[in-house]
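Okay, run20.pdb now, which holds PDB, N, CA and C atoms:
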```pdb
ATOM      1  N   MET V  77       3.976 -16.600  -7.451  1.00  0.00           N
ATOM      2  CA  MET V  77       4.132 -16.367  -6.027  1.00  0.00           C
ATOM      3  C   MET V  77       2.805 -16.649  -5.337  1.00  0.00           C
ATOM      4  N   ASN V  78       2.916 -17.093  -4.128  1.00  0.00           N
ATOM      5  CA  ASN V  78       1.715 -17.380  -3.364  1.00  0.00           C
ATOM      6  C   ASN V  78       1.797 -16.639  -2.037  1.00  0.00           C
ATOM      7  N   PHE V  79       0.956 -15.664  -1.862  1.00  0.00           N
ATOM      8  CA  PHE V  79       0.923 -14.898  -0.625  1.00  0.00           C
ATOM      9  C   PHE V  79      -0.153 -15.495   0.267  1.00  0.00           C
ATOM     10  N   ILE V  80       0.252 -16.026   1.392  1.00  0.00           N
ATOM     11  CA  ILE V  80      -0.670 -16.726   2.285  1.00  0.00           C
ATOM     12  C   ILE V  80      -1.620 -15.743   2.969  1.00  0.00           C
ATOM     13  N   ASP V  81      -1.127 -14.595   3.354  1.00  0.00           N
ATOM     14  CA  ASP V  81      -1.929 -13.647   4.126  1.00  0.00           C
ATOM     15  C   ASP V  81      -2.636 -12.615   3.243  1.00  0.00           C
ATOM     16  N   ARG V  82      -3.229 -13.075   2.154  1.00  0.00           N
ATOM     17  CA  ARG V  82      -3.975 -12.180   1.270  1.00  0.00           C
ATOM     18  C   ARG V  82      -5.210 -11.650   1.967  1.00  0.00           C
ATOM     19  N   LYS V  83      -5.471 -10.382   1.785  1.00  0.00           N
ATOM     20  CA  LYS V  83      -6.658  -9.777   2.363  1.00  0.00           C
ATOM     21  C   LYS V  83      -7.700  -9.468   1.293  1.00  0.00           C
ATOM     22  N   VAL V  84      -7.312  -9.559   0.031  1.00  0.00           N
ATOM     23  CA  VAL V  84      -8.224  -9.311  -1.083  1.00  0.00           C
ATOM     24  C   VAL V  84      -8.340 -10.598  -1.885  1.00  0.00           C
ATOM     25  N   SER V  85      -9.550 -11.083  -2.036  1.00  0.00           N
ATOM     26  CA  SER V  85      -9.762 -12.312  -2.802  1.00  0.00           C
ATOM     27  C   SER V  85      -9.737 -12.010  -4.299  1.00  0.00           C
ATOM     28  N   VAL V  86      -9.568 -13.060  -5.074  1.00  0.00           N
ATOM     29  CA  VAL V  86      -9.571 -12.920  -6.530  1.00  0.00           C
ATOM     30  C   VAL V  86     -10.926 -12.394  -6.993  1.00  0.00           C
ATOM     31  N   ASN V  87     -12.006 -12.908  -6.410  1.00  0.00           N
ATOM     32  CA  ASN V  87     -13.342 -12.442  -6.802  1.00  0.00           C
ATOM     33  C   ASN V  87     -13.537 -10.967  -6.473  1.00  0.00           C
ATOM     34  N   ARG V  88     -13.022 -10.529  -5.340  1.00  0.00           N
ATOM     35  CA  ARG V  88     -13.134  -9.107  -4.965  1.00  0.00           C
ATOM     36  C   ARG V  88     -12.329  -8.241  -5.936  1.00  0.00           C
ATOM     37  N   ALA V  89     -11.152  -8.706  -6.324  1.00  0.00           N
ATOM     38  CA  ALA V  89     -10.331  -7.965  -7.285  1.00  0.00           C
ATOM     39  C   ALA V  89     -11.040  -7.853  -8.630  1.00  0.00           C
ATOM     40  N   ILE V  90     -11.683  -8.941  -9.063  1.00  0.00           N
ATOM     41  CA  ILE V  90     -12.428  -8.920 -10.322  1.00  0.00           C
ATOM     42  C   ILE V  90     -13.556  -7.898 -10.240  1.00  0.00           C
ATOM     43  N   ALA V  91     -14.260  -7.858  -9.110  1.00  0.00           N
ATOM     44  CA  ALA V  91     -15.363  -6.908  -8.940  1.00  0.00           C
ATOM     45  C   ALA V  91     -14.864  -5.469  -8.949  1.00  0.00           C
ATOM     46  N   ILE V  92     -13.758  -5.208  -8.268  1.00  0.00           N
ATOM     47  CA  ILE V  92     -13.200  -3.842  -8.226  1.00  0.00           C
ATOM     48  C   ILE V  92     -12.747  -3.411  -9.611  1.00  0.00           C
ATOM     49  N   LEU V  93     -12.068  -4.297 -10.323  1.00  0.00           N
ATOM     50  CA  LEU V  93     -11.620  -3.961 -11.673  1.00  0.00           C
ATOM     51  C   LEU V  93     -12.804  -3.748 -12.605  1.00  0.00           C
ATOM     52  N   ALA V  94     -13.857  -4.550 -12.456  1.00  0.00           N
ATOM     53  CA  ALA V  94     -15.044  -4.410 -13.305  1.00  0.00           C
ATOM     54  C   ALA V  94     -15.727  -3.069 -13.084  1.00  0.00           C
ATOM     55  N   LYS V  95     -15.723  -2.575 -11.848  1.00  0.00           N
ATOM     56  CA  LYS V  95     -16.305  -1.255 -11.567  1.00  0.00           C
ATOM     57  C   LYS V  95     -15.574  -0.156 -12.323  1.00  0.00           C
ATOM     58  N   ASN V  96     -14.300  -0.404 -12.632  1.00  0.00           N
ATOM     59  CA  ASN V  96     -13.490   0.568 -13.358  1.00  0.00           C
ATOM     60  C   ASN V  96     -13.362   0.238 -14.843  1.00  0.00           C
ATOM     61  N   GLY V  97     -14.235  -0.649 -15.329  1.00  0.00           N
ATOM     62  CA  GLY V  97     -14.283  -0.951 -16.754  1.00  0.00           C
ATOM     63  C   GLY V  97     -13.212  -1.904 -17.243  1.00  0.00           C
ATOM     64  N   ILE V  98     -12.598  -2.666 -16.340  1.00  0.00           N
ATOM     65  CA  ILE V  98     -11.554  -3.605 -16.721  1.00  0.00           C
ATOM     66  C   ILE V  98     -12.076  -5.017 -16.493  1.00  0.00           C
ATOM     67  N   GLU V  99     -12.163  -5.798 -17.570  1.00  0.00           N
ATOM     68  CA  GLU V  99     -12.666  -7.165 -17.466  1.00  0.00           C
ATOM     69  C   GLU V  99     -11.495  -8.138 -17.483  1.00  0.00           C
ATOM     70  N   VAL V 100     -11.391  -8.951 -16.427  1.00  0.00           N
ATOM     71  CA  VAL V 100     -10.332  -9.955 -16.322  1.00  0.00           C
ATOM     72  C   VAL V 100     -10.946 -11.268 -15.849  1.00  0.00           C
ATOM     73  N   ASP V 101     -10.232 -12.365 -16.139  1.00  0.00           N
ATOM     74  CA  ASP V 101     -10.680 -13.661 -15.627  1.00  0.00           C
ATOM     75  C   ASP V 101      -9.929 -13.969 -14.327  1.00  0.00           C
ATOM     76  N   ASP V 102     -10.186 -15.152 -13.763  1.00  0.00           N
ATOM     77  CA  ASP V 102      -9.577 -15.509 -12.478  1.00  0.00           C
ATOM     78  C   ASP V 102      -8.052 -15.512 -12.530  1.00  0.00           C
ATOM     79  N   GLY V 103      -7.501 -16.060 -13.592  1.00  0.00           N
ATOM     80  CA  GLY V 103      -6.043 -16.141 -13.733  1.00  0.00           C
ATOM     81  C   GLY V 103      -5.388 -14.776 -13.828  1.00  0.00           C
ATOM     82  N   GLU V 104      -5.995 -13.905 -14.630  1.00  0.00           N
ATOM     83  CA  GLU V 104      -5.443 -12.554 -14.781  1.00  0.00           C
ATOM     84  C   GLU V 104      -5.542 -11.767 -13.478  1.00  0.00           C
ATOM     85  N   ALA V 105      -6.650 -11.915 -12.771  1.00  0.00           N
ATOM     86  CA  ALA V 105      -6.821 -11.219 -11.491  1.00  0.00           C
ATOM     87  C   ALA V 105      -5.792 -11.713 -10.477  1.00  0.00           C
ATOM     88  N   ALA V 106      -5.513 -13.011 -10.483  1.00  0.00           N
ATOM     89  CA  ALA V 106      -4.511 -13.567  -9.564  1.00  0.00           C
ATOM     90  C   ALA V 106      -3.130 -13.007  -9.858  1.00  0.00           C
ATOM     91  N   VAL V 107      -2.792 -12.868 -11.147  1.00  0.00           N
ATOM     92  CA  VAL V 107      -1.497 -12.301 -11.523  1.00  0.00           C
ATOM     93  C   VAL V 107      -1.407 -10.835 -11.083  1.00  0.00           C
ATOM     94  N   ILE V 108      -2.473 -10.081 -11.284  1.00  0.00           N
ATOM     95  CA  ILE V 108      -2.502  -8.674 -10.868  1.00  0.00           C
ATOM     96  C   ILE V 108      -2.331  -8.562  -9.355  1.00  0.00           C
ATOM     97  N   LEU V 109      -3.041  -9.404  -8.599  1.00  0.00           N
ATOM     98  CA  LEU V 109      -2.920  -9.378  -7.143  1.00  0.00           C
ATOM     99  C   LEU V 109      -1.507  -9.756  -6.696  1.00  0.00           C
ATOM    100  N   ASP V 110      -0.928 -10.781  -7.319  1.00  0.00           N
ATOM    101  CA  ASP V 110       0.448 -11.162  -6.985  1.00  0.00           C
ATOM    102  C   ASP V 110       1.402  -9.999  -7.213  1.00  0.00           C
ATOM    103  N   PHE V 111       1.229  -9.315  -8.325  1.00  0.00           N
ATOM    104  CA  PHE V 111       2.075  -8.170  -8.653  1.00  0.00           C
ATOM    105  C   PHE V 111       1.925  -7.065  -7.609  1.00  0.00           C
ATOM    106  N   LEU V 112       0.688  -6.751  -7.251  1.00  0.00           N
ATOM    107  CA  LEU V 112       0.458  -5.688  -6.270  1.00  0.00           C
ATOM    108  C   LEU V 112       0.994  -6.053  -4.890  1.00  0.00           C
ATOM    109  N   TYR V 113       0.811  -7.316  -4.483  1.00  0.00           N
ATOM    110  CA  TYR V 113       1.360  -7.756  -3.199  1.00  0.00           C
ATOM    111  C   TYR V 113       2.882  -7.729  -3.214  1.00  0.00           C
ATOM    112  N   LEU V 114       3.487  -8.103  -4.335  1.00  0.00           N
ATOM    113  CA  LEU V 114       4.941  -8.074  -4.450  1.00  0.00           C
ATOM    114  C   LEU V 114       5.466  -6.645  -4.334  1.00  0.00           C
ATOM    115  N   ILE V 115       4.811  -5.712  -4.989  1.00  0.00           N
ATOM    116  CA  ILE V 115       5.223  -4.312  -4.901  1.00  0.00           C
ATOM    117  C   ILE V 115       5.086  -3.799  -3.472  1.00  0.00           C
ATOM    118  N   SER V 116       3.965  -4.105  -2.826  1.00  0.00           N
ATOM    119  CA  SER V 116       3.758  -3.599  -1.472  1.00  0.00           C
ATOM    120  C   SER V 116       4.739  -4.232  -0.487  1.00  0.00           C
ATOM    121  N   LYS V 117       5.140  -5.464  -0.724  1.00  0.00           N
ATOM    122  CA  LYS V 117       6.092  -6.137   0.159  1.00  0.00           C
ATOM    123  C   LYS V 117       7.489  -5.536   0.020  1.00  0.00           C
ATOM    124  N   ASN V 118       7.855  -5.116  -1.170  1.00  0.00           N
ATOM    125  CA  ASN V 118       9.216  -4.658  -1.437  1.00  0.00           C
ATOM    126  C   ASN V 118       9.393  -3.143  -1.470  1.00  0.00           C
ATOM    127  N   ARG V 119       8.349  -2.407  -1.175  1.00  0.00           N
ATOM    128  CA  ARG V 119       8.487  -0.948  -1.239  1.00  0.00           C
ATOM    129  C   ARG V 119       9.368  -0.459  -0.097  1.00  0.00           C
ATOM    130  N   ASN V 120       9.952   0.707  -0.272  1.00  0.00           N
ATOM    131  CA  ASN V 120      10.792   1.292   0.757  1.00  0.00           C
ATOM    132  C   ASN V 120       9.914   1.908   1.821  1.00  0.00           C
ATOM    133  N   LYS V 121      10.013   1.386   3.020  1.00  0.00           N
ATOM    134  CA  LYS V 121       9.224   1.900   4.122  1.00  0.00           C
ATOM    135  C   LYS V 121      10.001   3.015   4.810  1.00  0.00           C
ATOM    136  N   PRO V 122       9.339   4.128   5.133  1.00  0.00           N
ATOM    137  CA  PRO V 122      10.055   5.201   5.829  1.00  0.00           C
ATOM    138  C   PRO V 122      10.440   4.754   7.235  1.00  0.00           C
ATOM    139  N   GLU V 123      11.589   5.207   7.661  1.00  0.00           N
ATOM    140  CA  GLU V 123      12.040   4.869   9.003  1.00  0.00           C
ATOM    141  C   GLU V 123      11.238   5.661  10.020  1.00  0.00           C
ATOM    142  N   GLU V 124      10.823   5.013  11.090  1.00  0.00           N
ATOM    143  CA  GLU V 124       9.995   5.673  12.093  1.00  0.00           C
ATOM    144  C   GLU V 124      10.746   6.815  12.759  1.00  0.00           C
ATOM    145  N   GLY V 125      11.987   6.596  13.122  1.00  0.00           N
ATOM    146  CA  GLY V 125      12.771   7.631  13.787  1.00  0.00           C
ATOM    147  C   GLY V 125      12.997   8.836  12.897  1.00  0.00           C
ATOM    148  N   LYS V 126      13.253   8.609  11.643  1.00  0.00           N
ATOM    149  CA  LYS V 126      13.501   9.694  10.703  1.00  0.00           C
ATOM    150  C   LYS V 126      12.242  10.538  10.528  1.00  0.00           C
ATOM    151  N   ASN V 127      11.093   9.911  10.435  1.00  0.00           N
ATOM    152  CA  ASN V 127       9.835  10.618  10.261  1.00  0.00           C
ATOM    153  C   ASN V 127       9.529  11.475  11.494  1.00  0.00           C
ATOM    154  N   ALA V 128       9.738  10.919  12.681  1.00  0.00           N
ATOM    155  CA  ALA V 128       9.471  11.654  13.914  1.00  0.00           C
ATOM    156  C   ALA V 128      10.404  12.846  14.036  1.00  0.00           C
ATOM    157  N   GLU V 129      11.659  12.676  13.637  1.00  0.00           N
ATOM    158  CA  GLU V 129      12.619  13.766  13.706  1.00  0.00           C
ATOM    159  C   GLU V 129      12.202  14.915  12.800  1.00  0.00           C
ATOM    160  N   THR V 130      11.722  14.610  11.627  1.00  0.00           N
ATOM    161  CA  THR V 130      11.275  15.636  10.692  1.00  0.00           C
ATOM    162  C   THR V 130      10.115  16.430  11.284  1.00  0.00           C
ATOM    163  N   LEU V 131       9.194  15.749  11.937  1.00  0.00           N
ATOM    164  CA  LEU V 131       8.066  16.446  12.536  1.00  0.00           C
ATOM    165  C   LEU V 131       8.519  17.354  13.671  1.00  0.00           C
ATOM    166  N   LYS V 132       9.459  16.897  14.477  1.00  0.00           N
ATOM    167  CA  LYS V 132       9.968  17.722  15.573  1.00  0.00           C
ATOM    168  C   LYS V 132      10.674  18.963  15.044  1.00  0.00           C
ATOM    169  N   ARG V 133      11.438  18.799  13.985  1.00  0.00           N
ATOM    170  CA  ARG V 133      12.210  19.894  13.430  1.00  0.00           C
ATOM    171  C   ARG V 133      11.300  20.976  12.852  1.00  0.00           C
ATOM    172  N   ASN V 134      10.173  20.589  12.262  1.00  0.00           N
ATOM    173  CA  ASN V 134       9.286  21.555  11.609  1.00  0.00           C
ATOM    174  C   ASN V 134       8.274  22.191  12.559  1.00  0.00           C
ATOM    175  N   ARG V 135       8.189  21.690  13.757  1.00  0.00           N
ATOM    176  CA  ARG V 135       7.203  22.194  14.702  1.00  0.00           C
ATOM    177  C   ARG V 135       7.739  23.448  15.383  1.00  0.00           C
ATOM    178  N   THR V 136       6.899  24.430  15.572  1.00  0.00           N
ATOM    179  CA  THR V 136       7.277  25.647  16.311  1.00  0.00           C
ATOM    180  C   THR V 136       6.660  25.581  17.680  1.00  0.00           C
ATOM    181  N   LEU V 137       7.409  26.030  18.665  1.00  0.00           N
ATOM    182  CA  LEU V 137       6.932  25.989  20.035  1.00  0.00           C
ATOM    183  C   LEU V 137       6.263  27.286  20.463  1.00  0.00           C
ATOM    184  N   GLU V 138       6.415  28.326  19.666  1.00  0.00           N
ATOM    185  CA  GLU V 138       5.824  29.624  20.021  1.00  0.00           C
ATOM    186  C   GLU V 138       4.354  29.637  19.685  1.00  0.00           C
ATOM    187  N   LYS V 139       3.575  30.222  20.598  1.00  0.00           N
ATOM    188  CA  LYS V 139       2.148  30.370  20.330  1.00  0.00           C
ATOM    189  C   LYS V 139       1.926  31.701  19.640  1.00  0.00           C
ATOM    190  N   LYS V 140       1.151  31.681  18.601  1.00  0.00           N
ATOM    191  CA  LYS V 140       0.856  32.911  17.867  1.00  0.00           C
ATOM    192  C   LYS V 140      -0.435  33.499  18.414  1.00  0.00           C
ATOM    193  N   PRO V 141      -0.470  34.826  18.570  1.00  0.00           N
ATOM    194  CA  PRO V 141      -1.690  35.468  19.121  1.00  0.00           C
ATOM    195  C   PRO V 141      -2.853  35.427  18.180  1.00  0.00           C
TER     196      PRO V 141
END
```
Can you turn what I pasted into structure tokens?
Amino acid sequence: MNFIDRKVSVNRAIAILAKNGIEVDDGEAAVILDFLYLISKNRNKPEEGKNAETLKRNRTLEKKP
């Protein structure tokens, strides 16, 4: 897969992984980034209306002394 709007470069991914003790080459880093972008693209996003409704329902209007 090729994600055009990547915000993390392969070199940056290699540096981040290296800080955590994981050594990868350019090809492996590209595969990891593709996987992460694919997951983020396909994750279930919460509905805005549903989230706002939950906040309204849990809010109390009474002021406590």
**Prompt:** Please, what distance in Å, to one decimal, runs between CA of Ser116 (chain V) and CA of Asp102 (chain V)?
**Reply:**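 Computing it gives 21.0 Å between the two atoms.
Using only C-alpha atoms, the smallest distance between any of V:Asp81, V:Asn87, V:Asn120, V:Ile115 and Glu99 (chain V) comes from V:Asn87.
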**Request:** Work out how far apart atom C of Val86 (chain V) and CA of Lys117 (chain V) are and give it in Å to one decimal.
**Result:** 19.5 Å
**Message:** Between atom N of Gly97 (chain V) and CA of Leu112 (chain V), what is the distance in Å, rounded to a tenth?
**Reply:**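 Computing it gives 18.0 Å between the two atoms.
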**Prompt:** Which residues fall under the PyMOL selection byres (((chain V and resi 90-94 and name CA) around 12) and name CA) in this file, as a PyMOL selection string?
**Reply:** chain V and resi 84-89+95-109
From the structure block, carefully write region 85-111 of chain V out with N, CA and C atoms; format it as an mmCIF file, in the first residue's frame.
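This is the output file part-v3.cif:
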```cif
data_model
loop_
_atom_site.group_PDB
_atom_site.id
_atom_site.type_symbol
_atom_site.label_atom_id
_atom_site.label_comp_id
_atom_site.auth_asym_id
_atom_site.auth_seq_id
_atom_site.Cartn_x
_atom_site.Cartn_y
_atom_site.Cartn_z
ATOM 1 N N SER V 85 8.125 9.878 8.213
ATOM 2 C CA SER V 85 9.015 9.320 7.193
ATOM 3 C C SER V 85 9.583 7.983 7.664
ATOM 4 N N VAL V 86 10.104 7.236 6.714
ATOM 5 C CA VAL V 86 10.725 5.951 7.033
ATOM 6 C C VAL V 86 11.918 6.172 7.957
ATOM 7 N N ASN V 87 12.714 7.202 7.683
ATOM 8 C CA ASN V 87 13.877 7.478 8.536
ATOM 9 C C ASN V 87 13.455 7.837 9.954
ATOM 10 N N ARG V 88 12.378 8.588 10.092
ATOM 11 C CA ARG V 88 11.880 8.949 11.433
ATOM 12 C C ARG V 88 11.388 7.701 12.166
ATOM 13 N N ALA V 89 10.712 6.812 11.456
ATOM 14 C CA ALA V 89 10.239 5.566 12.065
ATOM 15 C C ALA V 89 11.411 4.712 12.531
ATOM 16 N N ILE V 90 12.471 4.649 11.720
ATOM 17 C CA ILE V 90 13.661 3.889 12.099
ATOM 18 C C ILE V 90 14.269 4.476 13.368
ATOM 19 N N ALA V 91 14.337 5.803 13.451
ATOM 20 C CA ALA V 91 14.906 6.458 14.633
ATOM 21 C C ALA V 91 14.064 6.193 15.875
ATOM 22 N N ILE V 92 12.748 6.269 15.741
ATOM 23 C CA ILE V 92 11.856 6.023 16.890
ATOM 24 C C ILE V 92 11.974 4.581 17.356
ATOM 25 N N LEU V 93 11.989 3.647 16.418
ATOM 26 C CA LEU V 93 12.125 2.240 16.789
ATOM 27 C C LEU V 93 13.480 1.972 17.428
ATOM 28 N N ALA V 94 14.536 2.611 16.926
ATOM 29 C CA ALA V 94 15.877 2.419 17.485
ATOM 30 C C ALA V 94 15.953 2.915 18.922
ATOM 31 N N LYS V 95 15.243 3.995 19.236
ATOM 32 C CA LYS V 95 15.214 4.496 20.617
ATOM 33 C C LYS V 95 14.616 3.469 21.566
ATOM 34 N N ASN V 96 13.759 2.601 21.026
ATOM 35 C CA ASN V 96 13.120 1.564 21.829
ATOM 36 C C ASN V 96 13.783 0.198 21.667
ATOM 37 N N GLY V 97 15.000 0.195 21.116
ATOM 38 C CA GLY V 97 15.776 -1.035 21.021
ATOM 39 C C GLY V 97 15.380 -1.957 19.885
ATOM 40 N N ILE V 98 14.680 -1.437 18.879
ATOM 41 C CA ILE V 98 14.254 -2.250 17.750
ATOM 42 C C ILE V 98 15.008 -1.782 16.512
ATOM 43 N N GLU V 99 15.800 -2.678 15.927
ATOM 44 C CA GLU V 99 16.581 -2.329 14.743
ATOM 45 C C GLU V 99 15.892 -2.881 13.501
ATOM 46 N N VAL V 100 15.567 -1.985 12.564
ATOM 47 C CA VAL V 100 14.927 -2.375 11.307
ATOM 48 C C VAL V 100 15.618 -1.650 10.159
ATOM 49 N N ASP V 101 15.474 -2.224 8.956
ATOM 50 C CA ASP V 101 16.002 -1.542 7.774
ATOM 51 C C ASP V 101 14.872 -0.743 7.114
ATOM 52 N N ASP V 102 15.184 -0.107 5.982
ATOM 53 C CA ASP V 102 14.195 0.746 5.315
ATOM 54 C C ASP V 102 12.937 -0.017 4.909
ATOM 55 N N GLY V 103 13.118 -1.205 4.372
ATOM 56 C CA GLY V 103 11.980 -2.015 3.921
ATOM 57 C C GLY V 103 11.068 -2.427 5.061
ATOM 58 N N GLU V 104 11.684 -2.863 6.157
ATOM 59 C CA GLU V 104 10.889 -3.276 7.319
ATOM 60 C C GLU V 104 10.147 -2.092 7.932
ATOM 61 N N ALA V 105 10.802 -0.945 7.998
ATOM 62 C CA ALA V 105 10.159 0.254 8.547
ATOM 63 C C ALA V 105 8.981 0.672 7.671
ATOM 64 N N ALA V 106 9.134 0.555 6.357
ATOM 65 C CA ALA V 106 8.039 0.903 5.441
ATOM 66 C C ALA V 106 6.846 -0.014 5.642
ATOM 67 N N VAL V 107 7.105 -1.313 5.847
ATOM 68 C CA VAL V 107 6.019 -2.263 6.089
ATOM 69 C C VAL V 107 5.310 -1.939 7.409
ATOM 70 N N ILE V 108 6.074 -1.627 8.441
ATOM 71 C CA ILE V 108 5.493 -1.268 9.740
ATOM 72 C C ILE V 108 4.629 -0.015 9.609
ATOM 73 N N LEU V 109 5.133 0.999 8.900
ATOM 74 C CA LEU V 109 4.363 2.227 8.708
ATOM 75 C C LEU V 109 3.084 1.961 7.912
ATOM 76 N N ASP V 110 3.184 1.155 6.856
ATOM 77 C CA ASP V 110 1.988 0.808 6.081
ATOM 78 C C ASP V 110 0.946 0.140 6.965
ATOM 79 N N PHE V 111 1.393 -0.770 7.804
ATOM 80 C CA PHE V 111 0.491 -1.475 8.713
ATOM 81 C C PHE V 111 -0.184 -0.500 9.676
#
```
